[in-house]
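Undergrad: Just one file: my_file.txt, with compact mmCIF, C-alpha atoms and all ligand atoms.
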```txt
# COMPACT_ATOMS: atom_id res chain seq x y z
CA MET A 814 -15.55 45.89 0.57
CA LEU A 815 -17.83 43.01 1.50
CA GLU A 816 -18.90 44.68 4.73
CA GLN A 817 -20.96 47.31 2.93
CA ASP A 818 -23.41 44.56 1.82
CA ILE A 819 -24.03 43.44 5.40
CA LYS A 820 -26.98 44.85 7.36
CA LYS A 821 -25.69 43.66 10.73
CA VAL A 822 -23.20 41.28 12.27
CA LEU A 823 -25.15 38.48 13.91
CA ILE A 824 -22.28 36.43 15.36
CA SER A 825 -18.77 37.80 15.64
CA HIS A 826 -15.59 35.89 14.84
CA ASP A 827 -14.61 35.88 18.52
CA GLU A 828 -17.97 34.39 19.51
CA ILE A 829 -17.54 31.65 16.90
CA VAL A 830 -14.06 30.76 18.16
CA VAL A 831 -15.27 30.54 21.77
CA ALA A 832 -18.20 28.33 20.72
CA ALA A 833 -15.86 26.07 18.71
CA GLN A 834 -13.57 25.74 21.75
CA GLN A 835 -16.50 24.71 23.95
CA LEU A 836 -17.86 22.27 21.39
CA GLY A 837 -14.38 20.85 20.79
CA ALA A 838 -14.01 20.13 24.52
CA GLN A 839 -17.42 18.43 24.56
CA LEU A 840 -16.54 16.30 21.52
CA THR A 841 -13.18 15.39 23.05
CA HIS A 842 -15.14 13.96 25.98
CA ASP A 843 -17.96 12.34 23.99
CA TYR A 844 -15.76 10.70 21.32
CA GLN A 845 -12.84 9.55 23.48
CA ASP A 846 -11.57 6.21 22.06
CA LYS A 847 -14.28 6.17 19.35
CA ASN A 848 -12.15 7.45 16.45
CA PRO A 849 -15.13 9.15 14.76
CA ILE A 850 -15.29 10.28 11.15
CA LEU A 851 -16.18 13.96 10.99
CA VAL A 852 -18.08 14.39 7.75
CA GLY A 853 -18.04 17.95 6.48
CA ILE A 854 -20.74 18.92 4.03
CA LEU A 855 -19.08 21.11 1.42
CA LYS A 856 -18.73 23.85 0.82
CA GLY A 857 -20.29 25.75 3.71
CA SER A 858 -18.75 23.67 6.49
CA ILE A 859 -15.10 24.43 5.64
CA PRO A 860 -14.42 27.38 8.00
CA PHE A 861 -16.31 25.80 10.92
CA MET A 862 -14.68 22.39 10.41
CA ALA A 863 -11.26 24.05 10.27
CA GLU A 864 -11.83 25.89 13.55
CA LEU A 865 -13.58 23.03 15.35
CA ILE A 866 -10.97 20.32 14.80
CA LYS A 867 -8.27 22.49 16.41
CA HIS A 868 -10.13 22.09 19.69
CA ILE A 869 -10.72 18.32 19.62
CA ASP A 870 -8.05 16.52 21.62
CA THR A 871 -8.64 12.90 20.69
CA HIS A 872 -8.21 10.87 17.49
CA ILE A 873 -10.60 11.76 14.69
CA GLU A 874 -10.76 11.28 10.94
CA MET A 875 -12.15 13.74 8.42
CA ASP A 876 -14.02 13.20 5.21
CA PHE A 877 -16.21 15.35 2.99
CA MET A 878 -19.33 15.16 0.88
CA ILE A 879 -20.75 17.58 -1.63
CA VAL A 880 -24.51 17.78 -1.60
CA SER A 881 -26.71 20.46 -3.01
CA SER A 882 -30.01 21.82 -1.75
CA TYR A 883 -30.20 25.57 -2.31
CA HIS A 884 -29.07 25.80 -5.94
CA GLY A 885 -27.73 29.35 -5.63
CA GLY A 886 -30.84 31.15 -4.34
CA THR A 887 -32.20 32.04 -0.91
CA GLU A 888 -34.97 29.42 -0.71
CA SER A 889 -34.49 25.69 -0.32
CA SER A 890 -35.64 23.69 -3.31
CA GLY A 891 -36.28 20.64 -1.16
CA LYS A 892 -34.07 18.41 -3.28
CA VAL A 893 -30.83 16.95 -1.96
CA LYS A 894 -28.44 15.64 -4.55
CA ILE A 895 -25.18 13.82 -3.71
CA ILE A 896 -22.45 15.19 -5.94
CA LYS A 897 -19.42 13.76 -4.12
CA ASP A 898 -19.69 10.83 -1.75
CA LEU A 899 -17.31 9.71 1.00
CA ASP A 900 -14.05 7.97 0.14
CA GLN A 901 -14.61 5.19 2.68
CA ASP A 902 -17.07 2.68 4.12
CA VAL A 903 -18.86 3.90 7.26
CA ALA A 904 -20.26 0.55 8.44
CA GLY A 905 -19.51 0.20 12.15
CA ARG A 906 -18.02 3.71 12.37
CA HIS A 907 -19.12 6.65 14.49
CA VAL A 908 -20.12 9.48 12.16
CA LEU A 909 -20.42 13.13 13.13
CA PHE A 910 -21.81 15.39 10.42
CA VAL A 911 -20.40 18.91 10.55
CA GLU A 912 -22.56 21.65 9.06
CA ASP A 913 -22.60 25.40 8.84
CA ILE A 914 -26.40 25.57 9.07
CA ILE A 915 -29.50 23.42 9.52
CA ASP A 916 -32.46 25.18 7.93
CA THR A 917 -35.29 23.03 6.48
CA GLY A 918 -33.43 19.98 7.82
CA ARG A 919 -33.84 18.12 4.52
CA THR A 920 -30.12 17.76 3.80
CA LEU A 921 -29.27 16.15 7.12
CA ASN A 922 -32.49 14.18 7.29
CA ASP A 923 -31.65 12.55 3.96
CA LEU A 924 -28.01 12.01 4.91
CA CYS A 925 -28.87 10.48 8.30
CA GLY A 926 -31.22 8.05 6.56
CA LEU A 927 -28.52 7.13 4.06
CA PHE A 928 -25.90 6.56 6.76
CA ALA A 929 -28.29 4.44 8.83
CA PHE A 930 -28.75 2.31 5.71
CA ARG A 931 -24.96 2.12 5.45
CA GLN A 932 -24.89 0.83 9.04
CA ALA A 933 -22.84 3.52 10.76
CA ALA A 934 -22.39 2.70 14.48
CA SER A 935 -23.72 6.13 15.45
CA ILE A 936 -24.82 9.22 13.53
CA LYS A 937 -24.77 12.67 15.08
CA ILE A 938 -24.90 16.25 13.84
CA ALA A 939 -22.83 19.26 14.89
CA THR A 940 -23.82 22.60 13.42
CA LEU A 941 -22.55 26.12 13.73
CA LEU A 942 -26.03 27.57 13.16
CA ASP A 943 -29.53 26.23 13.67
CA LYS A 944 -32.51 28.04 12.17
CA PRO A 945 -35.43 26.18 13.84
CA GLU A 946 -38.12 28.35 12.19
CA GLY A 947 -37.01 27.06 8.78
CA ARG A 948 -37.65 23.40 9.61
CA VAL A 949 -39.90 21.33 7.33
CA VAL A 950 -38.75 17.89 8.49
CA GLU A 951 -38.29 16.76 12.09
CA ILE A 952 -34.58 16.67 12.80
CA GLU A 953 -32.59 18.14 15.67
CA PRO A 954 -28.83 18.66 15.68
CA ASP A 955 -27.04 16.97 18.58
CA TYR A 956 -24.61 19.86 18.98
CA THR A 957 -25.54 23.45 18.11
CA CYS A 958 -23.33 26.50 18.56
CA PHE A 959 -25.94 29.19 17.81
CA GLU A 960 -29.67 29.34 17.16
CA ILE A 961 -30.53 32.11 14.71
CA PRO A 962 -33.77 33.79 13.59
CA ASN A 963 -35.29 33.31 10.16
CA GLU A 964 -33.08 35.77 8.30
CA PHE A 965 -30.84 35.24 5.30
CA VAL A 966 -27.33 35.02 6.71
CA VAL A 967 -23.96 34.86 5.02
CA GLY A 968 -20.34 34.55 6.08
CA TYR A 969 -18.15 31.96 7.80
CA GLY A 970 -18.88 29.50 5.00
CA LEU A 971 -22.43 30.58 4.17
CA ASP A 972 -22.93 32.05 0.74
CA TYR A 973 -25.25 34.06 -1.43
CA GLU A 974 -24.69 32.92 -5.01
CA GLU A 975 -21.27 31.57 -3.98
CA ASN A 976 -20.12 34.89 -2.50
CA TYR A 977 -19.52 36.04 1.10
CA ARG A 978 -18.25 32.64 2.34
CA ASN A 979 -14.96 34.30 3.28
CA LEU A 980 -16.42 36.79 5.74
CA PRO A 981 -14.89 35.99 9.16
CA TYR A 982 -18.26 36.43 10.92
CA VAL A 983 -21.94 35.59 10.33
CA GLY A 984 -23.98 38.55 9.14
CA VAL A 985 -27.39 39.42 7.75
CA LEU A 986 -27.26 40.38 4.08
CA LYS A 987 -28.92 43.64 3.05
CA GLU A 988 -32.20 42.86 1.28
CA GLU A 989 -31.28 45.04 -1.69
CA ILE A 990 -28.47 42.59 -2.51
CA TYR A 991 -30.79 39.63 -3.13
CA THR A 992 -33.85 41.49 -4.43
CA ARG A 993 -32.13 43.36 -7.23
C1 LIG A 1001 -26.53 24.62 2.87
C2 LIG A 1001 -25.88 24.21 4.18
C3 LIG A 1001 -26.48 22.86 4.45
C4 LIG A 1001 -27.86 22.97 3.86
C5 LIG A 1001 -28.83 23.21 4.96
O1 LIG A 1001 -25.79 24.03 1.84
O2 LIG A 1001 -24.49 24.15 4.09
O3 LIG A 1001 -25.76 21.83 3.81
O4 LIG A 1001 -27.85 24.08 2.95
O5 LIG A 1001 -30.11 23.43 4.47
P1 LIG A 1001 -31.35 22.52 4.79
O6 LIG A 1001 -31.38 22.25 6.28
O7 LIG A 1001 -32.50 23.39 4.36
O8 LIG A 1001 -31.25 21.26 3.99
P2 LIG A 1001 -25.93 24.43 0.30
O9 LIG A 1001 -26.76 23.39 -0.39
O10 LIG A 1001 -26.37 25.86 0.20
O11 LIG A 1001 -24.45 24.25 -0.24
P3 LIG A 1001 -23.09 25.00 0.21
O12 LIG A 1001 -22.68 24.42 1.53
O13 LIG A 1001 -22.13 24.68 -0.89
O14 LIG A 1001 -23.41 26.48 0.31
```
Do you think you could lay out the structure here as structure tokens?
Ligand code: PRP
TA:
Amino acid sequence: MLEQDIKKVLISHDEIVVAAQQLGAQLTHDYQDKNPILVGILKGSIPFMAELIKHIDTHIEMDFMIVSSYHGGTESSGKVKIIKDLDQDVAGRHVLFVEDIIDTGRTLNDLCGLFAFRQAASIKIATLLDKPEGRVVEIEPDYTCFEIPNEFVVGYGLDYEENYRNLPYVGVLKEEIYTR
């Protein structure tokens, strides 16, 4: 059972669903008639993206990118590599990045710079989790569901060495799992 590797549940599934409902209502209001492209950063954003879009009641499009920053460990390497780019041109389009977590901020900082260069009409960030203590570059998400302390969390898309993404909640991993 996955649960035996979890020290504590930080954010329950019910809390995530309520937060996604509230954010969905806000986005419905903010993006009315703008037909934004929601850009999910794979793989961590999948569960949050899937929940969030159910609560947005206006036209949106979805696209995905694969970028890499953690390379399988618990510390950010500080390098962001684009592995899969968007399938479309974003010039003149409203872009909303959807993330599971903002930690150092490097991933989104790099992506926002790239999309400004590509002349998106607007660039905003929605994240399930924000870990402000981890920040090494100045970037603030426009929409945050939960601020979390500087602990290594897994679940609801977040992984440790590609595992635990399928937990239906966000939890703190037992230290013995990543120190052995
Ligand atoms: C995680 C997360 C963000 C990024 C945030 O992705 O999904 O994309 O790190 O970290 P940062 O603010 O320090 O840049 P990761 O590279 O682990 O890939 P994954 O989504 O496939 O797990």
Undergrad: Kindly indicate which residue among A:Glu953, A:Glu912, A:Ala904, A:Ile854 lies nearest to Ala929 of chain A, using all atoms listed in the file for the distances.
TA: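 When distances to Ala929 of chain A are compared using all atoms listed in the file, the smallest one comes from A:Ala904.
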Undergrad: What is the atom CA of Tyr969 of chain A-atom C4 of ligand LIG 1001 (chain A) distance in Å, reported with one decimal?
TA: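 Going from atom CA of Tyr969 of chain A over to atom C4 of ligand LIG 1001 (chain A), I get 13.8 Å.
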Undergrad: Any residue with an atom at most 6 Å from ligand LIG 1001 (chain A) counts, using only C-alpha atoms and all ligand atoms. Which are they? Put them as a PyMOL selection string.
TA: chain A and resi 854-857+881-883+889+912-920+971-972
Undergrad: Counting all atoms listed in the file, select every polymer residue within 10 Å of (-22.7, 13.5, -7.8) as defined in the file's coordinates, and provide the selection as a list in words.
TA: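 Residues close enough to count: Met878, Ile879, Val880, Ser881, Lys894, Ile895, Ile896, Lys897 and Asp898 of chain A.
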Undergrad: Enter the distance from atom CA of Phe928 of chain A to atom CA of Ile873 of chain A, in Å, rounded to one decimal.
TA: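 Taking atom CA of Phe928 of chain A and atom CA of Ile873 of chain A, their separation equals 18.0 Å.
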Undergrad: Quick one: residues within 9 Å of Phe965 of chain A, all atoms listed in the file counted, chain neighbours fewer than 5 positions away excluded, as number ranges by chain?
TA: A: 887, 973, 984-988
Undergrad: What's the separation between atom CA of Leu980 of chain A and atom CA of Val967 of chain A, in Å to one decimal place?
TA: 7.8 Å
Undergrad: If you count all atoms listed in the file, which residues fall within 7 Å of segment 930-937 of chain A, apart from same-chain ones fewer than 2 positions away, as a PDB file with C-alpha atoms, keeping the file's coordinate frame?
TA:
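The result, stored in result.pdb:
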```
ATOM      1  CA  VAL A 903     -18.860   3.900   7.260  1.00  0.00           C
ATOM      2  CA  ALA A 904     -20.260   0.550   8.440  1.00  0.00           C
ATOM      3  CA  GLY A 905     -19.510   0.200  12.150  1.00  0.00           C
ATOM      4  CA  ARG A 906     -18.020   3.710  12.370  1.00  0.00           C
ATOM      5  CA  HIS A 907     -19.120   6.650  14.490  1.00  0.00           C
ATOM      6  CA  VAL A 908     -20.120   9.480  12.160  1.00  0.00           C
ATOM      7  CA  LEU A 909     -20.420  13.130  13.130  1.00  0.00           C
ATOM      8  CA  PHE A 910     -21.810  15.390  10.420  1.00  0.00           C
ATOM      9  CA  CYS A 925     -28.870  10.480   8.300  1.00  0.00           C
ATOM     10  CA  GLY A 926     -31.220   8.050   6.560  1.00  0.00           C
ATOM     11  CA  LEU A 927     -28.520   7.130   4.060  1.00  0.00           C
ATOM     12  CA  PHE A 928     -25.900   6.560   6.760  1.00  0.00           C
ATOM     13  CA  ALA A 939     -22.830  19.260  14.890  1.00  0.00           C
ATOM     14  CA  ASP A 955     -27.040  16.970  18.580  1.00  0.00           C
TER      15      ASP A 955
END
```
Undergrad: Excluding same-chain residues fewer than 4 positions from Ser825 of chain A, what lies within 12 Å of it counting all atoms listed in the file, as JSON, numbers by chain?
TA: {"A": [821, 829, 830, 831, 832, 959, 968, 969, 980, 981, 982, 983, 984, 985]}
Undergrad: Given 4 Å of margin on each side, can you work out the centre and size in Å (one decimal) of an axis-aligned box holding every listed atom of segment 949-953 of chain A, as AutoDock Vina command-line options?
TA:
```
--center_x -36.2 --center_y 19.0 --center_z 11.5 --size_x 15.3 --size_y 12.7 --size_z 16.3
```
Undergrad: Taking only C-alpha atoms into account, name the residue in A:Leu941, A:Leu851, A:Val911, A:Met875 that is nearest to Ala833 of chain A.
TA: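 For Ala833 of chain A, the nearest of the given residues is A:Leu941.
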Undergrad: Using all atoms listed in the file, which of A:Ala863, A:Ala838, A:Ile990, A:Ile850 sits nearest Gly970 of chain A?
TA: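 Under the stated criterion, the closest residue is A:Ala863.
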Undergrad: What's the 10 Å shell around segment 867-870 of chain A, counting all atoms listed in the file, without same-chain residues fewer than 4 positions away, as a list in words?
TA: Val830, Ala833, Gln834, Gln835, Leu836, Gly837, Ala838, Gln839, Leu840, Thr841, His842, Tyr844, Gln845, Met862 and Ala863 of chain A
Undergrad: Next, write the just-selected residues to a file, as a PDB file, in the frame of the given file, keeping C-alpha atoms as the atom set.
TA:
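Output contents, as saved in out25.pdb:
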```pdb
ATOM      1  CA  VAL A 830     -14.060  30.760  18.160  1.00  0.00           C
ATOM      2  CA  ALA A 833     -15.860  26.070  18.710  1.00  0.00           C
ATOM      3  CA  GLN A 834     -13.570  25.740  21.750  1.00  0.00           C
ATOM      4  CA  GLN A 835     -16.500  24.710  23.950  1.00  0.00           C
ATOM      5  CA  LEU A 836     -17.860  22.270  21.390  1.00  0.00           C
ATOM      6  CA  GLY A 837     -14.380  20.850  20.790  1.00  0.00           C
ATOM      7  CA  ALA A 838     -14.010  20.130  24.520  1.00  0.00           C
ATOM      8  CA  GLN A 839     -17.420  18.430  24.560  1.00  0.00           C
ATOM      9  CA  LEU A 840     -16.540  16.300  21.520  1.00  0.00           C
ATOM     10  CA  THR A 841     -13.180  15.390  23.050  1.00  0.00           C
ATOM     11  CA  HIS A 842     -15.140  13.960  25.980  1.00  0.00           C
ATOM     12  CA  TYR A 844     -15.760  10.700  21.320  1.00  0.00           C
ATOM     13  CA  GLN A 845     -12.840   9.550  23.480  1.00  0.00           C
ATOM     14  CA  MET A 862     -14.680  22.390  10.410  1.00  0.00           C
ATOM     15  CA  ALA A 863     -11.260  24.050  10.270  1.00  0.00           C
TER      16      ALA A 863
END
```
Undergrad: A:Arg978, A:Phe861, A:Ile866, A:Asp900: which is nearest Thr940 of chain A, counting all atoms listed in the file?
TA: A:Phe861
Undergrad: Of the candidates A:Lys944, A:His826, A:Val950, A:Glu964, which one gets nearest to Pro860 of chain A if we count all atoms listed in the file?
TA: A:His826
Undergrad: Can segment 830-849 of chain A be brought up to N, CA, C and O atoms and written out as a CSV table (one decimal), in the coordinates of the input?
TA:
```
chain,number,residue,atom,x,y,z
A,830,VAL,N,-15.2,31.5,17.7
A,830,VAL,CA,-14.1,30.8,18.2
A,830,VAL,C,-14.3,30.2,19.6
A,830,VAL,O,-14.0,29.0,19.9
A,831,VAL,N,-15.0,31.0,20.4
A,831,VAL,CA,-15.3,30.5,21.8
A,831,VAL,C,-16.2,29.3,21.7
A,831,VAL,O,-16.0,28.3,22.4
A,832,ALA,N,-17.2,29.4,20.8
A,832,ALA,CA,-18.2,28.3,20.7
A,832,ALA,C,-17.5,27.1,20.2
A,832,ALA,O,-17.8,26.0,20.6
A,833,ALA,N,-16.6,27.2,19.3
A,833,ALA,CA,-15.9,26.1,18.7
A,833,ALA,C,-15.0,25.4,19.8
A,833,ALA,O,-14.8,24.2,19.9
A,834,GLN,N,-14.4,26.3,20.6
A,834,GLN,CA,-13.6,25.7,21.8
A,834,GLN,C,-14.4,24.9,22.7
A,834,GLN,O,-14.1,23.8,23.1
A,835,GLN,N,-15.6,25.4,23.0
A,835,GLN,CA,-16.5,24.7,24.0
A,835,GLN,C,-17.0,23.4,23.3
A,835,GLN,O,-17.0,22.4,24.0
A,836,LEU,N,-17.4,23.5,22.1
A,836,LEU,CA,-17.9,22.3,21.4
A,836,LEU,C,-16.7,21.3,21.2
A,836,LEU,O,-16.9,20.0,21.4
A,837,GLY,N,-15.5,21.7,20.9
A,837,GLY,CA,-14.4,20.8,20.8
A,837,GLY,C,-14.1,20.1,22.1
A,837,GLY,O,-13.8,18.9,22.1
A,838,ALA,N,-14.2,20.8,23.2
A,838,ALA,CA,-14.0,20.1,24.5
A,838,ALA,C,-15.1,19.1,24.8
A,838,ALA,O,-14.8,18.0,25.2
A,839,GLN,N,-16.3,19.4,24.4
A,839,GLN,CA,-17.4,18.4,24.6
A,839,GLN,C,-17.2,17.2,23.7
A,839,GLN,O,-17.4,16.1,24.1
A,840,LEU,N,-16.8,17.4,22.4
A,840,LEU,CA,-16.5,16.3,21.5
A,840,LEU,C,-15.3,15.5,22.0
A,840,LEU,O,-15.3,14.2,21.8
A,841,THR,N,-14.3,16.1,22.5
A,841,THR,CA,-13.2,15.4,23.0
A,841,THR,C,-13.6,14.4,24.1
A,841,THR,O,-13.2,13.2,24.1
A,842,HIS,N,-14.6,14.8,24.9
A,842,HIS,CA,-15.1,14.0,26.0
A,842,HIS,C,-16.0,12.9,25.4
A,842,HIS,O,-15.9,11.7,25.7
A,843,ASP,N,-16.9,13.3,24.5
A,843,ASP,CA,-18.0,12.3,24.0
A,843,ASP,C,-17.4,11.3,23.0
A,843,ASP,O,-18.0,10.2,22.9
A,844,TYR,N,-16.3,11.6,22.3
A,844,TYR,CA,-15.8,10.7,21.3
A,844,TYR,C,-14.4,10.1,21.7
A,844,TYR,O,-13.7,9.5,20.9
A,845,GLN,N,-14.1,10.2,23.0
A,845,GLN,CA,-12.8,9.6,23.5
A,845,GLN,C,-12.8,8.1,23.1
A,845,GLN,O,-13.8,7.3,23.3
A,846,ASP,N,-11.7,7.6,22.5
A,846,ASP,CA,-11.6,6.2,22.1
A,846,ASP,C,-12.6,5.7,21.0
A,846,ASP,O,-12.7,4.5,20.8
A,847,LYS,N,-13.3,6.6,20.4
A,847,LYS,CA,-14.3,6.2,19.4
A,847,LYS,C,-13.8,6.4,17.9
A,847,LYS,O,-14.4,5.9,17.0
A,848,ASN,N,-12.7,7.1,17.8
A,848,ASN,CA,-12.2,7.4,16.4
A,848,ASN,C,-13.2,7.8,15.4
A,848,ASN,O,-13.4,7.1,14.4
A,849,PRO,N,-14.0,8.8,15.7
A,849,PRO,CA,-15.1,9.2,14.8
A,849,PRO,C,-14.6,9.7,13.4
A,849,PRO,O,-13.5,10.2,13.3
```
